[in-house]
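One file, data31.cif, is given below (mmCIF, C-alpha atoms).
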```
data_coords
loop_
_atom_site.label_atom_id
_atom_site.label_comp_id
_atom_site.auth_asym_id
_atom_site.auth_seq_id
_atom_site.Cartn_x
_atom_site.Cartn_y
_atom_site.Cartn_z
CA MET A 1 -53.11 -1.22 95.79
CA SER A 2 -54.44 -4.31 94.02
CA TRP A 3 -52.06 -6.13 91.64
CA TRP A 4 -53.13 -8.87 89.23
CA PHE A 5 -50.66 -10.93 87.19
CA CYS A 6 -52.01 -12.16 83.85
CA VAL A 7 -50.55 -15.22 82.14
CA LEU A 8 -51.59 -16.50 78.70
CA ASN A 9 -51.37 -20.21 77.94
CA TRP A 10 -51.69 -21.99 74.61
CA ASN A 11 -50.45 -25.58 74.61
CA GLY A 12 -47.58 -24.53 76.87
CA ARG A 13 -48.25 -26.67 79.92
CA GLU A 14 -44.70 -27.08 81.23
CA ASP A 15 -43.75 -23.45 80.59
CA THR A 16 -46.91 -22.22 82.29
CA LEU A 17 -46.44 -24.43 85.32
CA ARG A 18 -42.89 -23.12 85.76
CA CYS A 19 -44.14 -19.55 85.35
CA LEU A 20 -46.84 -20.04 88.00
CA ALA A 21 -44.40 -21.72 90.37
CA ALA A 22 -42.12 -18.67 90.13
CA LEU A 23 -45.04 -16.31 90.76
CA ARG A 24 -45.89 -18.31 93.88
CA GLU A 25 -42.44 -17.38 95.29
CA MET A 26 -42.93 -13.66 94.71
CA ARG A 27 -43.17 -11.42 97.74
CA GLY A 28 -46.22 -9.23 98.37
CA PRO A 29 -50.01 -9.47 97.98
CA PHE A 30 -51.26 -10.16 94.46
CA GLU A 31 -53.65 -12.31 92.43
CA VAL A 32 -53.00 -14.43 89.35
CA VAL A 33 -55.29 -15.09 86.41
CA VAL A 34 -54.45 -17.50 83.59
CA ALA A 35 -56.26 -17.26 80.25
CA ASP A 36 -56.13 -20.46 78.21
CA ASN A 37 -56.51 -20.21 74.44
CA GLY A 38 -58.10 -23.61 73.80
CA SER A 39 -55.11 -25.78 74.72
CA ARG A 40 -55.17 -29.51 73.92
CA ASP A 41 -52.09 -30.60 75.85
CA GLY A 42 -53.64 -31.09 79.27
CA SER A 43 -52.71 -27.59 80.41
CA VAL A 44 -56.07 -26.76 81.97
CA ASP A 45 -56.22 -29.87 84.15
CA ALA A 46 -52.58 -29.49 85.19
CA ILE A 47 -53.02 -25.84 86.17
CA ARG A 48 -56.12 -26.66 88.20
CA ALA A 49 -54.35 -29.52 89.95
CA GLU A 50 -51.08 -27.75 90.78
CA HIS A 51 -52.32 -24.18 91.27
CA PRO A 52 -55.89 -24.28 92.59
CA ASP A 53 -55.56 -20.74 93.93
CA VAL A 54 -55.14 -19.32 90.41
CA THR A 55 -58.14 -17.95 88.52
CA LEU A 56 -58.43 -19.85 85.23
CA ILE A 57 -60.33 -18.51 82.23
CA GLU A 58 -61.00 -20.90 79.35
CA ASN A 59 -61.29 -18.97 76.11
CA GLY A 60 -62.10 -22.16 74.20
CA ALA A 61 -60.17 -21.10 71.09
CA ASN A 62 -56.92 -19.45 70.07
CA LEU A 63 -57.72 -15.75 70.39
CA GLY A 64 -54.11 -14.76 69.79
CA TYR A 65 -51.87 -12.91 72.19
CA SER A 66 -54.05 -9.82 72.25
CA GLY A 67 -57.45 -11.48 72.58
CA GLY A 68 -56.26 -14.08 75.05
CA ASN A 69 -54.57 -11.57 77.32
CA ASN A 70 -57.49 -9.18 77.08
CA ALA A 71 -59.76 -11.84 78.59
CA ALA A 72 -57.45 -12.03 81.61
CA ILE A 73 -57.07 -8.25 81.81
CA ARG A 74 -60.83 -7.67 81.71
CA HIS A 75 -61.31 -10.15 84.53
CA ALA A 76 -58.63 -8.49 86.65
CA LEU A 77 -59.98 -4.99 86.06
CA GLY A 78 -63.47 -6.24 86.84
CA GLN A 79 -62.16 -7.45 90.21
CA GLY A 80 -60.81 -4.00 91.01
CA ALA A 81 -57.17 -4.35 89.91
CA ALA A 82 -55.23 -1.09 90.12
CA TRP A 83 -52.45 -2.60 87.99
CA VAL A 84 -52.36 -5.58 85.65
CA VAL A 85 -49.04 -7.24 84.88
CA LEU A 86 -48.59 -9.29 81.73
CA VAL A 87 -46.15 -12.17 82.17
CA ASN A 88 -45.29 -14.50 79.30
CA ASN A 89 -45.78 -18.13 80.22
CA ASP A 90 -42.14 -18.78 79.21
CA ALA A 91 -40.88 -16.22 81.74
CA GLU A 92 -40.07 -16.77 85.42
CA VAL A 93 -40.23 -13.64 87.56
CA GLU A 94 -37.81 -13.04 90.40
CA PRO A 95 -39.21 -12.86 93.97
CA GLY A 96 -38.69 -9.10 94.32
CA THR A 97 -40.55 -8.15 91.13
CA LEU A 98 -43.76 -6.92 92.77
CA GLU A 99 -41.82 -4.90 95.35
CA ALA A 100 -39.87 -3.25 92.54
CA LEU A 101 -43.01 -2.43 90.56
CA SER A 102 -44.75 -0.98 93.63
CA ALA A 103 -41.74 1.20 94.42
CA ALA A 104 -41.59 2.44 90.82
CA VAL A 105 -45.25 3.50 91.02
CA GLU A 106 -44.44 5.63 94.06
CA ARG A 107 -41.53 7.30 92.29
CA HIS A 108 -43.40 7.85 89.01
CA PRO A 109 -46.99 8.88 89.73
CA ARG A 110 -47.65 9.63 86.03
CA ALA A 111 -46.56 6.19 84.88
CA GLY A 112 -49.17 4.21 83.00
CA VAL A 113 -46.74 1.49 81.87
CA LEU A 114 -43.90 -0.13 83.80
CA ALA A 115 -41.47 -2.18 81.73
CA GLY A 116 -39.60 -4.97 83.50
CA LYS A 117 -36.12 -6.28 82.64
CA LEU A 118 -35.75 -9.60 80.82
CA LEU A 119 -32.72 -11.86 81.20
CA HIS A 120 -31.78 -14.83 79.05
CA ALA A 121 -32.71 -17.98 80.94
CA ASP A 122 -29.58 -19.81 79.72
CA GLY A 123 -26.93 -17.64 81.32
CA GLY A 124 -28.43 -14.50 82.77
CA ASP A 125 -27.27 -12.04 80.11
CA VAL A 126 -29.59 -9.15 79.39
CA GLN A 127 -32.29 -9.81 76.83
CA TRP A 128 -34.26 -6.54 77.18
CA ALA A 129 -33.57 -3.41 79.23
CA GLY A 130 -35.59 -0.77 77.42
CA GLN A 131 -35.94 0.08 73.75
CA ARG A 132 -36.59 2.94 71.40
CA VAL A 133 -39.34 2.78 68.77
CA GLY A 134 -38.25 3.85 65.28
CA LEU A 135 -41.53 5.03 63.82
CA ILE A 136 -40.03 6.88 60.87
CA THR A 137 -37.96 3.99 59.52
CA GLY A 138 -39.99 1.15 61.01
CA TYR A 139 -36.78 -0.31 62.46
CA SER A 140 -36.10 -0.01 66.19
CA GLY A 141 -32.84 -1.92 66.46
CA ARG A 142 -31.91 -4.29 69.24
CA PRO A 143 -33.09 -3.66 72.80
CA ARG A 144 -30.72 -1.96 75.22
CA GLY A 145 -28.27 -4.42 76.72
CA HIS A 146 -29.18 -7.30 74.44
CA GLY A 147 -26.63 -10.10 74.91
CA ARG A 148 -24.57 -8.16 77.43
CA ARG A 149 -23.81 -8.92 81.06
CA ASP A 150 -26.13 -7.14 83.44
CA GLY A 151 -24.52 -4.08 84.95
CA PHE A 152 -25.07 -0.54 86.21
CA ALA A 153 -26.09 0.82 82.80
CA TYR A 154 -29.06 -1.55 82.76
CA ARG A 155 -30.10 -0.92 86.35
CA VAL A 156 -31.05 2.74 85.93
CA GLU A 157 -34.76 3.46 86.17
CA GLY A 158 -36.18 5.88 83.64
CA ALA A 159 -38.22 6.57 80.52
CA THR A 160 -38.37 4.08 77.65
CA ASP A 161 -40.32 4.25 74.39
CA ARG A 162 -42.10 0.95 74.92
CA ALA A 163 -42.53 -2.05 77.19
CA VAL A 164 -42.37 -5.67 76.13
CA GLY A 165 -45.32 -7.96 76.81
CA ALA A 166 -43.22 -10.65 78.47
CA LEU A 167 -43.13 -8.47 81.63
CA MET A 168 -45.28 -5.37 81.37
CA ALA A 169 -47.43 -3.62 83.99
CA VAL A 170 -50.28 -1.30 83.01
CA SER A 171 -52.41 0.78 85.35
CA ALA A 172 -56.20 0.56 85.34
CA GLU A 173 -56.29 4.30 84.71
CA ALA A 174 -54.10 3.97 81.60
CA ALA A 175 -56.13 1.02 80.30
CA ALA A 176 -59.34 3.01 80.72
CA ALA A 177 -57.87 5.94 78.78
CA ALA A 178 -56.15 4.04 75.96
CA GLY A 179 -58.13 0.81 75.73
CA LEU A 180 -56.75 -2.72 75.86
CA LEU A 181 -54.50 -4.64 73.47
CA ASP A 182 -55.52 -4.37 69.81
CA GLU A 183 -57.09 -7.72 68.96
CA ASP A 184 -56.87 -7.02 65.22
CA LEU A 185 -53.09 -7.37 65.52
CA PHE A 186 -53.59 -10.90 66.94
CA ALA A 187 -49.92 -11.48 67.83
CA TYR A 188 -46.65 -9.52 67.81
CA VAL A 189 -46.05 -5.76 68.00
CA GLU A 190 -49.25 -5.33 70.05
CA ASP A 191 -47.16 -4.39 73.10
CA VAL A 192 -45.50 -1.62 71.09
CA ASP A 193 -48.87 -0.33 69.95
CA TRP A 194 -50.28 -0.44 73.50
CA SER A 195 -47.27 1.41 74.91
CA LEU A 196 -47.59 4.12 72.27
CA ARG A 197 -51.34 4.54 72.77
CA ILE A 198 -50.91 4.83 76.53
CA ARG A 199 -48.17 7.42 76.08
CA ALA A 200 -50.37 9.33 73.63
CA ALA A 201 -53.06 9.39 76.33
CA GLY A 202 -50.68 11.35 78.56
CA PHE A 203 -49.01 8.64 80.67
CA GLU A 204 -45.33 7.81 81.08
CA CYS A 205 -43.68 4.54 80.10
CA VAL A 206 -41.00 3.74 82.66
CA PHE A 207 -38.30 1.07 82.68
CA ALA A 208 -38.28 -0.53 86.14
CA PRO A 209 -35.09 -2.65 86.22
CA GLY A 210 -35.79 -4.13 89.65
CA ALA A 211 -38.68 -6.08 88.14
CA ARG A 212 -36.86 -8.98 86.51
CA ALA A 213 -37.68 -12.26 84.81
CA ALA A 214 -35.72 -15.03 83.11
CA HIS A 215 -37.19 -15.50 79.64
CA ARG A 216 -36.85 -18.62 77.51
CA VAL A 217 -38.55 -17.32 74.32
CA SER A 218 -40.63 -20.37 73.50
CA ALA A 219 -42.23 -20.78 70.08
CA SER A 220 -45.64 -19.61 71.19
CA THR A 221 -46.97 -19.52 67.66
CA GLY A 222 -46.45 -23.27 67.61
CA GLY A 223 -44.72 -26.04 65.73
CA ALA A 224 -42.85 -25.89 62.45
CA ALA A 225 -44.84 -22.86 61.33
CA ALA A 226 -43.45 -20.73 64.15
CA SER A 227 -40.76 -18.97 62.08
CA THR A 228 -43.14 -18.11 59.23
CA HIS A 229 -45.79 -16.84 61.67
CA THR A 230 -43.18 -14.70 63.41
CA VAL A 231 -42.08 -12.94 60.23
CA TYR A 232 -45.64 -12.72 58.85
CA TYR A 233 -47.06 -11.01 61.93
CA GLY A 234 -43.84 -9.07 62.41
CA VAL A 235 -43.88 -7.38 59.02
CA ARG A 236 -47.66 -6.96 58.86
CA ASN A 237 -48.08 -5.52 62.33
CA THR A 238 -44.95 -3.37 62.16
CA LEU A 239 -46.32 -1.67 59.07
CA VAL A 240 -49.77 -1.25 60.59
CA VAL A 241 -48.45 0.20 63.86
CA VAL A 242 -45.92 2.63 62.41
CA GLU A 243 -48.43 3.94 59.87
CA ARG A 244 -51.01 4.31 62.62
CA HIS A 245 -48.74 6.28 64.93
CA ARG A 246 -46.53 8.18 62.43
CA PRO A 247 -48.16 8.85 59.04
CA LEU A 248 -45.64 9.93 56.40
CA GLY A 249 -47.78 10.57 53.33
CA CYS A 250 -47.69 8.60 50.09
CA VAL A 251 -44.01 8.94 49.24
CA GLY A 252 -42.78 8.54 52.81
CA SER A 253 -45.00 5.53 53.42
CA ALA A 254 -43.78 3.83 50.24
CA TRP A 255 -40.16 4.36 51.32
CA ARG A 256 -40.84 3.08 54.83
CA ARG A 257 -42.72 0.03 53.58
CA ALA A 258 -39.82 -0.87 51.30
CA SER A 259 -37.40 -0.44 54.20
CA VAL A 260 -39.39 -2.66 56.56
CA VAL A 261 -39.88 -5.38 53.96
CA ALA A 262 -36.18 -5.32 53.06
CA VAL A 263 -35.15 -5.84 56.70
CA PHE A 264 -37.52 -8.77 57.13
CA LEU A 265 -36.47 -10.33 53.80
CA MET A 266 -32.83 -10.19 54.85
CA HIS A 267 -33.70 -11.86 58.17
CA ALA A 268 -35.77 -14.55 56.44
CA GLY A 269 -33.13 -15.24 53.81
CA LEU A 270 -29.86 -14.86 55.72
CA VAL A 271 -30.82 -15.92 59.26
CA LEU A 272 -33.80 -18.24 58.91
CA ARG A 273 -32.72 -19.43 55.44
CA SER A 274 -36.29 -20.38 54.71
CA SER A 275 -38.22 -19.98 51.48
CA GLY A 276 -41.39 -20.26 53.54
CA ALA A 277 -40.30 -17.31 55.66
CA LEU A 278 -39.55 -15.27 52.52
CA ARG A 279 -43.07 -15.95 51.26
CA ALA A 280 -44.47 -15.06 54.68
CA VAL A 281 -42.78 -11.64 54.55
CA MET A 282 -44.52 -10.82 51.27
CA GLU A 283 -47.81 -12.22 52.55
CA GLY A 284 -47.56 -9.98 55.61
CA TYR A 285 -46.78 -6.98 53.43
CA ARG A 286 -49.76 -7.61 51.14
CA ASP A 287 -52.13 -8.05 54.09
CA ALA A 288 -50.87 -4.87 55.78
CA VAL A 289 -51.42 -2.82 52.63
CA ALA A 290 -54.85 -4.38 52.08
CA GLY A 291 -55.85 -3.88 55.73
CA ARG A 292 -56.37 -7.62 56.29
CA LEU A 293 -55.81 -8.09 60.01
CA GLY A 294 -56.73 -10.70 62.63
CA GLU A 295 -55.42 -14.26 62.56
CA ARG A 296 -53.21 -15.22 59.65
CA GLY A 297 -55.16 -16.92 56.89
CA GLN A 298 -58.46 -15.87 58.44
CA ALA A 299 -58.11 -12.11 58.25
CA GLY A 300 -61.18 -10.52 56.81
CA SER A 301 -63.09 -13.82 56.79
#
```
Would you encode the structure as structure tokens?
Amino acid sequence: MSWWFCVLNWNGREDTLRCLAALREMRGPFEVVVADNGSRDGSVDAIRAEHPDVTLIENGANLGYSGGNNAAIRHALGQGAAWVVLVNNDAEVEPGTLEALSAAVERHPRAGVLAGKLLHADGGDVQWAGQRVGLITGYSGRPRGHGRRDGFAYRVEGATDRAVGALMAVSAEAAAAAGLLDEDLFAYVEDVDWSLRIRAAGFECVFAPGARAAHRVSASTGGAAASTHTVYYGVRNTLVVVERHRPLGCVGSAWRRASVVAVFLMHAGLVLRSSGALRAVMEGYRDAVAGRLGERGQAGS
């Protein structure tokens, strides 16, 4: 069985080098492809110098999370990959991750998605160990185990509503049936959408806790705008995805939209304490309702 690990880089040289160094320590046969979204921080030269065995794809521009990863996925599938594994560049996989994924495939022949476990890099507490998707309300709550010490409850393999793109394996068969990541979403919530589309195509989504990575959660959207991008794409894409997968009619959709916007406004005002983030929430709402997708500020252009 051919496994390809796909890493997306955008001006994240040091994170990506650490990620690739961790992959090098992983046991088992696999290939690695890095897609670079037009970085200007010397990433490309550094990756070539330190990891000459890695396939490097230069996208030449920021294609977003979806478009950038899709370039790597298409390359892997074109080389005959049976499974592609998305790994965030700010995540470091543990050496037994591939063994755990391979074993999960044997136990779950109908799996199209395998969701790995994420641990906080600054202490080892659980960051993600499975999660429900609240399509009716648009609010899914915190992931299982978030902020808790790892223990038996988070080591049980089984069904989960979605995977998270920081450590997510998808079979070639599932990708052929459901398509790749939705590039119109650009960034955020695309892993939820992909999980749901693959499940709708008849495949299982399975939490594989033996596949583990320490995750630092870098600001991949970049710079001081990171918090406003996060809430903009978060509210816009949440609305798009829940309405796509669970239509509620006019009245139900209006109630759900108000609920989603209220949650994001509370986060922007009480947690981020940013007027820019508050404006970004409303911008995301307006673009979702108008169907303006793609990159923020360029949607529909």
Legend entry - Selected residue, from A:Ile57, A:Leu248, A:Val156, A:Leu278, that lies nearest to Val261 of chain A when counting all atoms listed in the file: A:Leu278
Legend entry - Which of A:Val105, A:Cys205, A:Met266, A:Val231 sits closest to Asp191 of chain A [using only C-alpha atoms]: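 Going through A:Val105, A:Cys205, A:Met266, A:Val231 one by one, the smallest distance to Asp191 of chain A is for A:Cys205.
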Legend entry - Length of the atom CA of Gly141 of chain A to atom CA of Val260 of chain A vector [Å]: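 So the answer is 11.9 Å.
Candidate residues A:Ile136, A:Leu8, A:Ala115, A:Met168 were compared for distance to Gly252 of chain A, and the nearest is A:Ile136, using all atoms listed in the file.
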Mind running segment 160-270 of chain A against segment 93-100 of chain A at 9 Å and telling me each contacting residue's nearest atom pair with the distance in Å (one decimal), counting all atoms listed in the file, chain and number ascending, as a tab-separated table?
```
residue	atom	partner	partner_atom	distance
A:Leu167	CA	A:Val93	CA	8.4
A:Ala208	CA	A:Ala100	CA	7.1
A:Pro209	CA	A:Ala100	CA	7.9
A:Gly210	CA	A:Ala100	CA	5.1
A:Ala211	CA	A:Thr97	CA	4.1
A:Arg212	CA	A:Glu94	CA	5.7
A:Ala213	CA	A:Val93	CA	4.0
A:Ala214	CA	A:Val93	CA	6.5
A:His215	CA	A:Val93	CA	8.7
```
Inset, instruction - Grab the atom CA of Arg142 of chain A to atom CA of Val113 of chain A distance for me, in Å with one decimal place. - result: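 Here the two named atoms are 20.3 Å from each other.
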Legend entry - Using all atoms listed in the file: which of A:Trp4, A:Phe30, A:Tyr139, A:Tyr154 has the shortest distance to Phe207 of chain A: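 Closest residue, counting all atoms listed in the file: A:Tyr154.
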Legend entry - 8 Å contact set for Val32 of chain A, all atoms listed in the file, chain neighbours under 4 positions out, as a PyMOL selection string: chain A and resi 4-7+54-55
Please save C-alpha atoms of the selected residues as a PDB file, in the frame of the given file.
```
ATOM      1  CA  TRP A   4     -53.130  -8.870  89.230  1.00  0.00           C
ATOM      2  CA  PHE A   5     -50.660 -10.930  87.190  1.00  0.00           C
ATOM      3  CA  CYS A   6     -52.010 -12.160  83.850  1.00  0.00           C
ATOM      4  CA  VAL A   7     -50.550 -15.220  82.140  1.00  0.00           C
ATOM      5  CA  VAL A  54     -55.140 -19.320  90.410  1.00  0.00           C
ATOM      6  CA  THR A  55     -58.140 -17.950  88.520  1.00  0.00           C
TER       7      THR A  55
END
```
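Residue selection for this entry, given the PyMOL selection byres ((chain A and resi 11) around 6), comprises A:Trp10, A:Gly12, A:Arg13, A:Ser39, A:Asp41.
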Inset, instruction - Rounded to one decimal place, report the atom CA of Glu92 of chain A-atom CA of Ser2 of chain A distance in Å. - result: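 Value for the atom CA of Glu92 of chain A-atom CA of Ser2 of chain A distance: 20.9 Å.
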Legend entry - Close residues, Val242 of chain A itself excluded, 9 Å, only C-alpha atoms, min 5 positions apart in chain, as a PyMOL selection string: chain A and resi 134-138+193+237+247
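Distance annotation: of A:Asp182, A:Asp45, A:Gly28, A:Arg107, the residue with the minimal separation from Trp3 of chain A is A:Gly28; atom set is all atoms listed in the file.
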Inset, instruction - Could you give me, as a count of residues only, the residues within 9 Å of Phe203 of chain A, counting all atoms listed in the file and dropping anything in the same chain fewer than 2 positions from it? - result: 10
Inset, instruction - Report as a PyMOL selection string the full result of the PyMOL selection byres ((chain A and resi 159) around 9) when it is applied to this structure. - result: chain A and resi 130+157-158+160-162+204-207
